[in-house]
$ cat protein.pdb   # PDB, C-alpha atoms
ATOM      1  CA  MET A   1      22.939  88.037-110.082  1.00  0.00           C
ATOM      2  CA  ASN A   2      22.889  91.790-110.715  1.00  0.00           C
ATOM      3  CA  TYR A   3      25.379  94.057-108.965  1.00  0.00           C
ATOM      4  CA  GLN A   4      22.752  95.474-106.582  1.00  0.00           C
ATOM      5  CA  ASN A   5      22.089  91.992-105.191  1.00  0.00           C
ATOM      6  CA  ILE A   6      25.830  91.393-104.863  1.00  0.00           C
ATOM      7  CA  ASN A   7      26.161  94.619-102.893  1.00  0.00           C
ATOM      8  CA  SER A   8      23.237  93.941-100.571  1.00  0.00           C
ATOM      9  CA  GLU A   9      24.644  90.493 -99.725  1.00  0.00           C
ATOM     10  CA  THR A  10      28.151  91.930 -99.309  1.00  0.00           C
ATOM     11  CA  ILE A  11      26.932  94.610 -96.896  1.00  0.00           C
ATOM     12  CA  ASP A  12      25.001  92.011 -94.902  1.00  0.00           C
ATOM     13  CA  ARG A  13      28.208  90.031 -94.561  1.00  0.00           C
ATOM     14  CA  TRP A  14      30.232  93.096 -93.555  1.00  0.00           C
ATOM     15  CA  ILE A  15      27.719  93.806 -90.810  1.00  0.00           C
ATOM     16  CA  ASP A  16      27.993  90.269 -89.486  1.00  0.00           C
ATOM     17  CA  GLU A  17      31.759  90.877 -89.381  1.00  0.00           C
ATOM     18  CA  GLY A  18      31.386  94.100 -87.364  1.00  0.00           C
ATOM     19  CA  TRP A  19      31.297  96.826 -90.038  1.00  0.00           C
ATOM     20  CA  GLU A  20      31.323 100.205 -88.266  1.00  0.00           C
ATOM     21  CA  TRP A  21      28.472 101.612 -90.372  1.00  0.00           C
ATOM     22  CA  GLY A  22      26.234  98.732 -89.341  1.00  0.00           C
ATOM     23  CA  ILE A  23      26.500  99.120 -85.554  1.00  0.00           C
ATOM     24  CA  PRO A  24      23.308 100.712 -84.143  1.00  0.00           C
ATOM     25  CA  ILE A  25      23.483 103.474 -81.571  1.00  0.00           C
ATOM     26  CA  SER A  26      23.316 102.677 -77.866  1.00  0.00           C
ATOM     27  CA  HIS A  27      20.415 103.406 -75.538  1.00  0.00           C
ATOM     28  CA  GLU A  28      22.578 106.087 -73.888  1.00  0.00           C
ATOM     29  CA  THR A  29      23.113 107.859 -77.224  1.00  0.00           C
ATOM     30  CA  TYR A  30      19.370 107.822 -77.852  1.00  0.00           C
ATOM     31  CA  LEU A  31      18.683 109.308 -74.427  1.00  0.00           C
ATOM     32  CA  LYS A  32      21.209 112.084 -75.079  1.00  0.00           C
ATOM     33  CA  ALA A  33      19.431 112.898 -78.341  1.00  0.00           C
ATOM     34  CA  LEU A  34      16.133 113.143 -76.461  1.00  0.00           C
ATOM     35  CA  GLY A  35      17.849 115.738 -74.290  1.00  0.00           C
ATOM     36  CA  GLY A  36      19.150 117.702 -77.271  1.00  0.00           C
ATOM     37  CA  ASP A  37      22.722 116.351 -77.301  1.00  0.00           C
ATOM     38  CA  TRP A  38      23.233 114.739 -80.706  1.00  0.00           C
ATOM     39  CA  ASP A  39      25.238 114.553 -83.913  1.00  0.00           C
ATOM     40  CA  VAL A  40      24.964 112.517 -87.126  1.00  0.00           C
ATOM     41  CA  LEU A  41      27.348 111.788 -89.993  1.00  0.00           C
ATOM     42  CA  LEU A  42      26.973 111.960 -93.770  1.00  0.00           C
ATOM     43  CA  THR A  43      30.706 111.290 -94.256  1.00  0.00           C
ATOM     44  CA  PRO A  44      33.278 109.456 -92.097  1.00  0.00           C
ATOM     45  CA  THR A  45      34.273 112.036 -89.477  1.00  0.00           C
ATOM     46  CA  LYS A  46      32.638 115.487 -89.628  1.00  0.00           C
ATOM     47  CA  PRO A  47      29.253 115.901 -87.929  1.00  0.00           C
ATOM     48  CA  VAL A  48      26.571 117.505 -90.059  1.00  0.00           C
ATOM     49  CA  PRO A  49      25.901 121.119 -88.996  1.00  0.00           C
ATOM     50  CA  HIS A  50      22.640 121.237 -87.052  1.00  0.00           C
ATOM     51  CA  GLY A  51      21.580 124.245 -89.089  1.00  0.00           C
ATOM     52  CA  TRP A  52      21.341 122.049 -92.170  1.00  0.00           C
ATOM     53  CA  PHE A  53      18.265 120.365 -90.687  1.00  0.00           C
ATOM     54  CA  GLY A  54      16.157 123.246 -89.481  1.00  0.00           C
ATOM     55  CA  ASP A  55      13.446 122.205 -87.037  1.00  0.00           C
ATOM     56  CA  ILE A  56      12.576 118.623 -87.960  1.00  0.00           C
ATOM     57  CA  ARG A  57      10.054 118.029 -85.174  1.00  0.00           C
ATOM     58  CA  GLY A  58       6.914 116.708 -86.841  1.00  0.00           C
ATOM     59  CA  LYS A  59       8.571 116.686 -90.270  1.00  0.00           C
ATOM     60  CA  LYS A  60       8.611 113.687 -92.600  1.00  0.00           C
ATOM     61  CA  VAL A  61      12.217 112.455 -92.953  1.00  0.00           C
ATOM     62  CA  LEU A  62      13.449 109.820 -95.406  1.00  0.00           C
ATOM     63  CA  GLY A  63      16.701 108.010 -94.656  1.00  0.00           C
ATOM     64  CA  LEU A  64      17.817 107.045 -98.160  1.00  0.00           C
ATOM     65  CA  ALA A  65      20.233 104.083 -98.080  1.00  0.00           C
ATOM     66  CA  SER A  66      20.507 105.041 -94.420  1.00  0.00           C
ATOM     67  CA  GLY A  67      19.774 101.806 -92.581  1.00  0.00           C
ATOM     68  CA  GLY A  68      21.810 100.596 -89.641  1.00  0.00           C
ATOM     69  CA  GLY A  69      20.168 102.244 -86.659  1.00  0.00           C
ATOM     70  CA  GLN A  70      22.645 105.124 -86.523  1.00  0.00           C
ATOM     71  CA  GLN A  71      20.887 108.224 -87.848  1.00  0.00           C
ATOM     72  CA  MET A  72      17.174 107.490 -87.976  1.00  0.00           C
ATOM     73  CA  PRO A  73      16.908 106.870 -84.202  1.00  0.00           C
ATOM     74  CA  ILE A  74      18.382 110.336 -83.650  1.00  0.00           C
ATOM     75  CA  PHE A  75      15.784 111.923 -85.925  1.00  0.00           C
ATOM     76  CA  ALA A  76      13.035 109.969 -84.179  1.00  0.00           C
ATOM     77  CA  ALA A  77      14.305 111.268 -80.826  1.00  0.00           C
ATOM     78  CA  LEU A  78      14.098 114.792 -82.250  1.00  0.00           C
ATOM     79  CA  GLY A  79      10.431 114.241 -83.066  1.00  0.00           C
ATOM     80  CA  ALA A  80      10.582 113.484 -86.795  1.00  0.00           C
ATOM     81  CA  ASP A  81       8.217 111.112 -88.626  1.00  0.00           C
ATOM     82  CA  CYS A  82      10.811 108.694 -90.027  1.00  0.00           C
ATOM     83  CA  THR A  83      10.994 106.387 -93.041  1.00  0.00           C
ATOM     84  CA  VAL A  84      14.128 104.419 -93.901  1.00  0.00           C
ATOM     85  CA  LEU A  85      14.892 102.796 -97.242  1.00  0.00           C
ATOM     86  CA  ASP A  86      17.727 100.307 -97.680  1.00  0.00           C
ATOM     87  CA  TYR A  87      18.362  97.045 -99.532  1.00  0.00           C
ATOM     88  CA  SER A  88      20.389  95.391 -96.776  1.00  0.00           C
ATOM     89  CA  ASP A  89      18.379  93.040 -94.567  1.00  0.00           C
ATOM     90  CA  ARG A  90      20.898  93.441 -91.744  1.00  0.00           C
ATOM     91  CA  GLN A  91      20.754  97.236 -91.873  1.00  0.00           C
ATOM     92  CA  LEU A  92      16.979  97.147 -91.703  1.00  0.00           C
ATOM     93  CA  GLU A  93      17.075  94.638 -88.836  1.00  0.00           C
ATOM     94  CA  SER A  94      19.113  97.199 -86.878  1.00  0.00           C
ATOM     95  CA  GLU A  95      16.424  99.811 -87.499  1.00  0.00           C
ATOM     96  CA  ARG A  96      13.778  97.445 -86.143  1.00  0.00           C
ATOM     97  CA  LEU A  97      15.942  96.575 -83.147  1.00  0.00           C
ATOM     98  CA  VAL A  98      16.499 100.183 -82.086  1.00  0.00           C
ATOM     99  CA  SER A  99      12.917 101.308 -82.727  1.00  0.00           C
ATOM    100  CA  LYS A 100      11.587  98.423 -80.638  1.00  0.00           C
ATOM    101  CA  ARG A 101      14.136  99.053 -77.879  1.00  0.00           C
ATOM    102  CA  GLU A 102      13.358 102.770 -77.678  1.00  0.00           C
ATOM    103  CA  GLY A 103       9.638 102.568 -78.390  1.00  0.00           C
ATOM    104  CA  TYR A 104       9.233 104.784 -81.456  1.00  0.00           C
ATOM    105  CA  LYS A 105       7.588 104.092 -84.814  1.00  0.00           C
ATOM    106  CA  ILE A 106       9.479 104.014 -88.100  1.00  0.00           C
ATOM    107  CA  ARG A 107       8.394 102.966 -91.581  1.00  0.00           C
ATOM    108  CA  ILE A 108      10.937 100.460 -92.918  1.00  0.00           C
ATOM    109  CA  VAL A 109      11.149  99.913 -96.681  1.00  0.00           C
ATOM    110  CA  LYS A 110      13.389  97.361 -98.386  1.00  0.00           C
ATOM    111  CA  ALA A 111      14.128  98.694-101.861  1.00  0.00           C
ATOM    112  CA  ASP A 112      16.915  99.569-104.294  1.00  0.00           C
ATOM    113  CA  MET A 113      17.524 103.320-104.613  1.00  0.00           C
ATOM    114  CA  SER A 114      18.774 102.881-108.181  1.00  0.00           C
ATOM    115  CA  LYS A 115      15.131 102.146-109.100  1.00  0.00           C
ATOM    116  CA  PRO A 116      12.204 104.616-108.879  1.00  0.00           C
ATOM    117  CA  LEU A 117      11.513 105.330-105.216  1.00  0.00           C
ATOM    118  CA  PRO A 118       8.269 103.762-103.904  1.00  0.00           C
ATOM    119  CA  PHE A 119       6.919 107.062-102.562  1.00  0.00           C
ATOM    120  CA  SER A 120       4.441 109.720-103.636  1.00  0.00           C
ATOM    121  CA  ASP A 121       5.353 113.072-105.134  1.00  0.00           C
ATOM    122  CA  GLY A 122       6.124 115.648-102.442  1.00  0.00           C
ATOM    123  CA  GLU A 123       5.913 113.147 -99.582  1.00  0.00           C
ATOM    124  CA  PHE A 124       8.949 114.226 -97.527  1.00  0.00           C
ATOM    125  CA  ASP A 125      10.320 117.376 -95.907  1.00  0.00           C
ATOM    126  CA  LEU A 126      13.919 116.139 -95.691  1.00  0.00           C
ATOM    127  CA  ILE A 127      16.042 113.361 -97.197  1.00  0.00           C
ATOM    128  CA  PHE A 128      19.169 112.171 -95.379  1.00  0.00           C
ATOM    129  CA  HIS A 129      21.444 110.350 -97.833  1.00  0.00           C
ATOM    130  CA  PRO A 130      24.817 109.207 -96.390  1.00  0.00           C
ATOM    131  CA  VAL A 131      27.682 108.048 -98.625  1.00  0.00           C
ATOM    132  CA  SER A 132      26.224 105.239-100.736  1.00  0.00           C
ATOM    133  CA  ASN A 133      26.255 106.460-104.342  1.00  0.00           C
ATOM    134  CA  CYS A 134      29.555 104.623-104.771  1.00  0.00           C
ATOM    135  CA  TYR A 135      27.492 101.409-104.828  1.00  0.00           C
ATOM    136  CA  ILE A 136      25.369 102.375-107.844  1.00  0.00           C
ATOM    137  CA  GLU A 137      26.255 102.844-111.492  1.00  0.00           C
ATOM    138  CA  GLU A 138      24.196 105.970-112.244  1.00  0.00           C
ATOM    139  CA  VAL A 139      23.551 108.697-109.669  1.00  0.00           C
ATOM    140  CA  GLU A 140      21.580 111.339-111.553  1.00  0.00           C
ATOM    141  CA  PRO A 141      18.335 109.297-111.541  1.00  0.00           C
ATOM    142  CA  VAL A 142      18.594 109.161-107.730  1.00  0.00           C
ATOM    143  CA  PHE A 143      18.696 112.952-107.496  1.00  0.00           C
ATOM    144  CA  ARG A 144      15.728 113.275-109.839  1.00  0.00           C
ATOM    145  CA  GLU A 145      13.750 110.889-107.646  1.00  0.00           C
ATOM    146  CA  CYS A 146      14.794 112.792-104.514  1.00  0.00           C
ATOM    147  CA  TYR A 147      13.532 116.000-106.108  1.00  0.00           C
ATOM    148  CA  ARG A 148      10.232 114.317-106.965  1.00  0.00           C
ATOM    149  CA  VAL A 149       9.484 112.944-103.494  1.00  0.00           C
ATOM    150  CA  LEU A 150      10.476 116.130-101.629  1.00  0.00           C
ATOM    151  CA  LYS A 151       7.987 118.874-100.883  1.00  0.00           C
ATOM    152  CA  PRO A 152       8.703 122.379-102.224  1.00  0.00           C
ATOM    153  CA  GLY A 153      11.235 123.827 -99.797  1.00  0.00           C
ATOM    154  CA  GLY A 154      12.374 120.321 -98.843  1.00  0.00           C
ATOM    155  CA  ARG A 155      16.016 119.593 -98.086  1.00  0.00           C
ATOM    156  CA  LEU A 156      18.397 116.961 -99.455  1.00  0.00           C
ATOM    157  CA  LEU A 157      21.478 116.224 -97.310  1.00  0.00           C
ATOM    158  CA  SER A 158      23.957 114.029 -99.177  1.00  0.00           C
ATOM    159  CA  GLY A 159      27.301 112.382 -98.458  1.00  0.00           C
ATOM    160  CA  LEU A 160      29.362 111.920-101.630  1.00  0.00           C
ATOM    161  CA  ASP A 161      32.611 110.176-102.615  1.00  0.00           C
ATOM    162  CA  ASN A 162      34.943 112.357-104.721  1.00  0.00           C
ATOM    163  CA  GLY A 163      36.699 109.421-106.419  1.00  0.00           C
ATOM    164  CA  VAL A 164      40.136 109.714-104.802  1.00  0.00           C
ATOM    165  CA  ASN A 165      39.848 106.373-103.013  1.00  0.00           C
ATOM    166  CA  PHE A 166      39.353 104.602-106.336  1.00  0.00           C
ATOM    167  CA  ILE A 167      42.640 105.691-107.904  1.00  0.00           C
ATOM    168  CA  VAL A 168      45.098 104.850-105.116  1.00  0.00           C
ATOM    169  CA  SER A 169      46.754 101.607-104.008  1.00  0.00           C
ATOM    170  CA  GLU A 170      45.719  99.810-100.838  1.00  0.00           C
ATOM    171  CA  ASP A 171      48.311 101.744 -98.817  1.00  0.00           C
ATOM    172  CA  GLU A 172      47.049 104.967-100.488  1.00  0.00           C
ATOM    173  CA  LYS A 173      50.588 105.950-101.559  1.00  0.00           C
ATOM    174  CA  ARG A 174      50.450 105.248-105.308  1.00  0.00           C
ATOM    175  CA  ILE A 175      48.058 106.039-108.136  1.00  0.00           C
ATOM    176  CA  VAL A 176      47.143 102.684-109.668  1.00  0.00           C
ATOM    177  CA  ASN A 177      43.792 103.191-111.410  1.00  0.00           C
ATOM    178  CA  THR A 178      42.329 105.480-114.035  1.00  0.00           C
ATOM    179  CA  LEU A 179      38.916 107.104-113.746  1.00  0.00           C
ATOM    180  CA  PRO A 180      36.126 106.414-114.124  1.00  0.00           C
ATOM    181  CA  PHE A 181      36.251 103.337-111.926  1.00  0.00           C
ATOM    182  CA  ASP A 182      33.537 101.160-113.444  1.00  0.00           C
ATOM    183  CA  PRO A 183      33.902  97.413-112.833  1.00  0.00           C
ATOM    184  CA  LEU A 184      30.992  96.609-115.135  1.00  0.00           C
ATOM    185  CA  LYS A 185      33.092  97.907-118.022  1.00  0.00           C
ATOM    186  CA  ASN A 186      36.581  97.105-116.714  1.00  0.00           C
ATOM    187  CA  PRO A 187      37.168  93.420-115.811  1.00  0.00           C
ATOM    188  CA  GLU A 188      40.445  94.178-114.019  1.00  0.00           C
ATOM    189  CA  GLN A 189      38.690  96.610-111.697  1.00  0.00           C
ATOM    190  CA  MET A 190      36.053  93.981-110.969  1.00  0.00           C
ATOM    191  CA  LYS A 191      38.771  91.451-110.129  1.00  0.00           C
ATOM    192  CA  SER A 192      40.384  93.860-107.667  1.00  0.00           C
ATOM    193  CA  LEU A 193      37.055  94.448-105.918  1.00  0.00           C
ATOM    194  CA  GLN A 194      36.353  90.736-105.689  1.00  0.00           C
ATOM    195  CA  ALA A 195      39.816  90.070-104.265  1.00  0.00           C
ATOM    196  CA  ASP A 196      39.138  92.582-101.470  1.00  0.00           C
ATOM    197  CA  ASP A 197      35.495  91.537-100.863  1.00  0.00           C
ATOM    198  CA  SER A 198      34.459  95.117-101.678  1.00  0.00           C
ATOM    199  CA  GLY A 199      31.212  94.455-103.497  1.00  0.00           C
ATOM    200  CA  VAL A 200      30.703  96.357-106.740  1.00  0.00           C
ATOM    201  CA  GLN A 201      31.643 100.028-106.477  1.00  0.00           C
ATOM    202  CA  PHE A 202      31.794 102.955-108.886  1.00  0.00           C
ATOM    203  CA  SER A 203      33.511 106.333-108.972  1.00  0.00           C
ATOM    204  CA  HIS A 204      31.451 109.411-109.813  1.00  0.00           C
ATOM    205  CA  THR A 205      32.492 112.889-110.847  1.00  0.00           C
ATOM    206  CA  LEU A 206      31.426 116.153-109.234  1.00  0.00           C
ATOM    207  CA  ASP A 207      29.654 116.852-112.512  1.00  0.00           C
ATOM    208  CA  GLU A 208      27.521 113.759-111.926  1.00  0.00           C
ATOM    209  CA  GLN A 209      26.948 114.364-108.235  1.00  0.00           C
ATOM    210  CA  ILE A 210      26.712 118.113-107.732  1.00  0.00           C
ATOM    211  CA  GLY A 211      25.798 118.875-111.320  1.00  0.00           C
ATOM    212  CA  GLY A 212      23.267 116.066-111.135  1.00  0.00           C
ATOM    213  CA  GLN A 213      21.561 117.718-108.173  1.00  0.00           C
ATOM    214  CA  LEU A 214      21.461 121.071-109.961  1.00  0.00           C
ATOM    215  CA  ARG A 215      20.100 119.545-113.171  1.00  0.00           C
ATOM    216  CA  ALA A 216      17.403 117.808-111.133  1.00  0.00           C
ATOM    217  CA  GLY A 217      16.256 121.260-110.014  1.00  0.00           C
ATOM    218  CA  PHE A 218      17.926 121.608-106.599  1.00  0.00           C
ATOM    219  CA  VAL A 219      19.601 124.768-105.324  1.00  0.00           C
ATOM    220  CA  LEU A 220      22.940 124.088-103.607  1.00  0.00           C
ATOM    221  CA  LYS A 221      23.062 125.857-100.234  1.00  0.00           C
ATOM    222  CA  ASP A 222      26.195 124.566 -98.501  1.00  0.00           C
ATOM    223  CA  ILE A 223      29.048 122.090 -98.804  1.00  0.00           C
ATOM    224  CA  TYR A 224      31.979 120.711 -96.802  1.00  0.00           C
ATOM    225  CA  GLU A 225      34.761 118.163 -97.372  1.00  0.00           C
ATOM    226  CA  ASP A 226      35.917 115.245 -95.224  1.00  0.00           C
ATOM    227  CA  THR A 227      38.677 112.622 -95.145  1.00  0.00           C
ATOM    228  CA  ASN A 228      38.637 108.844 -94.727  1.00  0.00           C
ATOM    229  CA  GLY A 229      39.232 109.284 -91.005  1.00  0.00           C
ATOM    230  CA  GLU A 230      42.323 107.076 -91.090  1.00  0.00           C
ATOM    231  CA  GLY A 231      45.159 106.033 -93.419  1.00  0.00           C
ATOM    232  CA  TYR A 232      47.767 107.824 -95.511  1.00  0.00           C
ATOM    233  CA  LEU A 233      45.354 110.209 -97.260  1.00  0.00           C
ATOM    234  CA  HIS A 234      43.808 111.184 -93.939  1.00  0.00           C
ATOM    235  CA  GLU A 235      47.235 111.782 -92.405  1.00  0.00           C
ATOM    236  CA  HIS A 236      47.934 114.238 -95.241  1.00  0.00           C
ATOM    237  CA  ASN A 237      44.492 115.862 -94.853  1.00  0.00           C
ATOM    238  CA  ILE A 238      43.474 114.912 -98.398  1.00  0.00           C
ATOM    239  CA  PRO A 239      39.677 115.023 -98.749  1.00  0.00           C
ATOM    240  CA  SER A 240      37.986 111.941-100.140  1.00  0.00           C
ATOM    241  CA  PHE A 241      34.363 112.824 -99.395  1.00  0.00           C
ATOM    242  CA  LEU A 242      32.066 115.824 -99.454  1.00  0.00           C
ATOM    243  CA  ALA A 243      28.652 116.606 -98.054  1.00  0.00           C
ATOM    244  CA  THR A 244      26.067 118.850 -99.654  1.00  0.00           C
ATOM    245  CA  LEU A 245      22.919 120.639 -98.524  1.00  0.00           C
ATOM    246  CA  SER A 246      20.513 121.232-101.404  1.00  0.00           C
ATOM    247  CA  VAL A 247      16.962 122.587-101.374  1.00  0.00           C
ATOM    248  CA  LYS A 248      13.997 122.076-103.665  1.00  0.00           C
ATOM    249  CA  PRO A 249      12.769 125.590-104.481  1.00  0.00           C
ATOM    250  CA  GLU A 250       9.426 126.754-103.175  1.00  0.00           C
ATOM    251  CA  GLU A 251       6.691 126.844-105.768  1.00  0.00           C
ATOM    252  CA  ILE A 252       6.008 130.276-107.221  1.00  0.00           C
TER     253      ILE A 252
END
$ encode --input "protein.pdb" --output "structure tokens"
Amino acid sequence: MNYQNINSETIDRWIDEGWEWGIPISHETYLKALGGDWDVLLTPTKPVPHGWFGDIRGKKVLGLASGGGQQMPIFAALGADCTVLDYSDRQLESERLVSKREGYKIRIVKADMSKPLPFSDGEFDLIFHPVSNCYIEEVEPVFRECYRVLKPGGRLLSGLDNGVNFIVSEDEKRIVNTLPFDPLKNPEQMKSLQADDSGVQFSHTLDEQIGGQLRAGFVLKDIYEDTNGEGYLHEHNIPSFLATLSVKPEEI
């Protein structure tokens, strides 16, 4: 079994156990979004600035590894034409559940984002990509595919892990690992993930993640940092995530 299949099955199991990122929004939250009262997350705690989206009414939005019925229903309530891609059956079931409950249409695609995306060139106006790159070995191909499927002027909103969580102990008080964290190359790191039922995860540098967006052709427009939302690092206000807004330049 390849690591992508391990991760999809692990996430399905987490959701069955009540994983917070697999709990779909309530009907009340959807109604608030219809009325203009809404927020979404790329990282654990900080809402994405509304200005990062522009006016998405009527725009084609791709939720990349964004299943779970948490963000896409909000975009649908705001009038977007939504597509969601994920490899977790449970996450996609949540998307179907909410869309049926609220009566909107959404295109649901089961696929692995580490492979070429099953979409046409220039198909989307905006890609919403919450923290998920930590579950794939190579991130730069993802950014190249995002660039390809976005229209000129299209926006990529990404949540990214900065690697801090991979070097600390479970109580977050000691440095116990070296970087990069790559369990496919380091058997001890794989054993630690298996012991914690953490799937197969990878650290990535800012060079890979921000540099990867720039090398794909994007222009970085804005950025913010975020914490885990709980635990020792959070208590000391140590960032472990960042979010970026990047734009595909208009054609000249």
$ residues_near_point --input "protein.pdb" --point "(20.6, 108.1, -112.6)" --cutoff "12 Å" --atoms "all atoms listed in the file" --output "ChimeraX atom specification"
/A:113-116,133,136-146,204,208-209,212-213,215-216
$ closest_residue --input "protein.pdb" --among "A:Gly231, A:Gly54, A:Gly68, A:Gly211" --to "A:Ser169" --atoms "all atoms listed in the file"
A:Gly231
$ residues_around --input "protein.pdb" --residues "A:Thr10" --least-positions-apart "6" --cutoff "12 Å" --atoms "only C-alpha atoms" --output "list in words"
Tyr3, Gln4, Asp16, Glu17, Trp19, Tyr87, Ser88, Asp89, Arg90, Gln91, Tyr135, Leu193, Gln194, Asp196, Asp197, Ser198, Gly199, Val200 and Gln201 of chain A
$ atom_distance --input "protein.pdb" --atom1 "atom CA of A:Lys173" --atom2 "atom CA of A:Val131"
23.2 Å
$ closest_residue --input "protein.pdb" --among "A:Glu93, A:Asp81, A:Asp171, A:Asp86" --to "A:Ala111" --atoms "all atoms listed in the file"
A:Asp86
$ closest_residue --input "protein.pdb" --among "A:Ser132, A:Ser192, A:Asn228, A:Ser158" --to "A:Ala243" --atoms "only C-alpha atoms"
A:Ser158
$ residues_around --input "protein.pdb" --residues "A:His234" --least-positions-apart "5" --cutoff "12 Å" --atoms "only C-alpha atoms" --output "PyMOL selection string"
chain A and resi 44-45+164-165+171-173+225-229+239-241
$ resolve_selection --input "protein.pdb" --expression "the PyMOL selection byres ((chain A and resi 24-26) around 12)" --output "PDB file with C-alpha atoms, in the coordinates of the input"
ATOM      1  CA  ILE A  15      27.719  93.806 -90.810  1.00  0.00           C
ATOM      2  CA  GLY A  18      31.386  94.100 -87.364  1.00  0.00           C
ATOM      3  CA  TRP A  19      31.297  96.826 -90.038  1.00  0.00           C
ATOM      4  CA  GLU A  20      31.323 100.205 -88.266  1.00  0.00           C
ATOM      5  CA  TRP A  21      28.472 101.612 -90.372  1.00  0.00           C
ATOM      6  CA  GLY A  22      26.234  98.732 -89.341  1.00  0.00           C
ATOM      7  CA  ILE A  23      26.500  99.120 -85.554  1.00  0.00           C
ATOM      8  CA  HIS A  27      20.415 103.406 -75.538  1.00  0.00           C
ATOM      9  CA  GLU A  28      22.578 106.087 -73.888  1.00  0.00           C
ATOM     10  CA  THR A  29      23.113 107.859 -77.224  1.00  0.00           C
ATOM     11  CA  TYR A  30      19.370 107.822 -77.852  1.00  0.00           C
ATOM     12  CA  LEU A  31      18.683 109.308 -74.427  1.00  0.00           C
ATOM     13  CA  LYS A  32      21.209 112.084 -75.079  1.00  0.00           C
ATOM     14  CA  ALA A  33      19.431 112.898 -78.341  1.00  0.00           C
ATOM     15  CA  TRP A  38      23.233 114.739 -80.706  1.00  0.00           C
ATOM     16  CA  ASP A  39      25.238 114.553 -83.913  1.00  0.00           C
ATOM     17  CA  VAL A  40      24.964 112.517 -87.126  1.00  0.00           C
ATOM     18  CA  SER A  66      20.507 105.041 -94.420  1.00  0.00           C
ATOM     19  CA  GLY A  67      19.774 101.806 -92.581  1.00  0.00           C
ATOM     20  CA  GLY A  68      21.810 100.596 -89.641  1.00  0.00           C
ATOM     21  CA  GLY A  69      20.168 102.244 -86.659  1.00  0.00           C
ATOM     22  CA  GLN A  70      22.645 105.124 -86.523  1.00  0.00           C
ATOM     23  CA  GLN A  71      20.887 108.224 -87.848  1.00  0.00           C
ATOM     24  CA  MET A  72      17.174 107.490 -87.976  1.00  0.00           C
ATOM     25  CA  PRO A  73      16.908 106.870 -84.202  1.00  0.00           C
ATOM     26  CA  ILE A  74      18.382 110.336 -83.650  1.00  0.00           C
ATOM     27  CA  ARG A  90      20.898  93.441 -91.744  1.00  0.00           C
ATOM     28  CA  GLN A  91      20.754  97.236 -91.873  1.00  0.00           C
ATOM     29  CA  LEU A  92      16.979  97.147 -91.703  1.00  0.00           C
ATOM     30  CA  GLU A  93      17.075  94.638 -88.836  1.00  0.00           C
ATOM     31  CA  SER A  94      19.113  97.199 -86.878  1.00  0.00           C
ATOM     32  CA  GLU A  95      16.424  99.811 -87.499  1.00  0.00           C
ATOM     33  CA  ARG A  96      13.778  97.445 -86.143  1.00  0.00           C
ATOM     34  CA  LEU A  97      15.942  96.575 -83.147  1.00  0.00           C
ATOM     35  CA  VAL A  98      16.499 100.183 -82.086  1.00  0.00           C
ATOM     36  CA  SER A  99      12.917 101.308 -82.727  1.00  0.00           C
ATOM     37  CA  ARG A 101      14.136  99.053 -77.879  1.00  0.00           C
ATOM     38  CA  GLU A 102      13.358 102.770 -77.678  1.00  0.00           C
TER      39      GLU A 102
END
$ closest_residue --input "protein.pdb" --among "A:Asp37, A:Glu170, A:Asp112, A:Glu123" --to "A:Leu64" --atoms "only C-alpha atoms"
A:Asp112
$ closest_residue --input "protein.pdb" --among "A:Leu85, A:Ile210, A:Leu179, A:Ala195" --to "A:Phe128" --atoms "only C-alpha atoms"
A:Leu85
$ axis_aligned_box --input "protein.pdb" --around "stretch 18-36 of chain A" --padding-each-side "3 Å" --output "lines of an AutoDock Vina configuration file"
center_x = 23.8
center_y = 105.9
center_z = -82.1
size_x = 21.3
size_y = 29.6
size_z = 22.5
$ atom_distance --input "protein.pdb" --atom1 "atom CA of A:Glu250" --atom2 "atom CA of A:Asp161"
28.5 Å
$ residues_near_point --input "protein.pdb" --point "(37.0, 100.4, -112.4)" --cutoff "10 Å" --atoms "only C-alpha atoms" --output "ChimeraX atom specification"
/A:166-167,177-193,200-203
$ atom_distance --input "protein.pdb" --atom1 "atom CA of A:Thr83" --atom2 "atom CA of A:Asn2"
25.8 Å
$ closest_residue --input "protein.pdb" --among "A:Leu157, A:Ile11, A:Asp222, A:Thr205" --to "A:Thr43" --atoms "all atoms listed in the file"
A:Leu157
$ residues_around --input "protein.pdb" --residues "A:Lys105" --least-positions-apart "2" --cutoff "9 Å" --atoms "all atoms listed in the file" --output "list in words"
Ala76, Asp81, Cys82, Ser99, Lys100, Gly103 and Arg107 of chain A
$ resolve_selection --input "protein.pdb" --expression "the PyMOL selection byres ((chain A and resi 58-60) around 12)" --output "number ranges by chain"
A: 53-57, 61-63, 72, 75-84, 106-107, 122-128, 149-151, 154-155
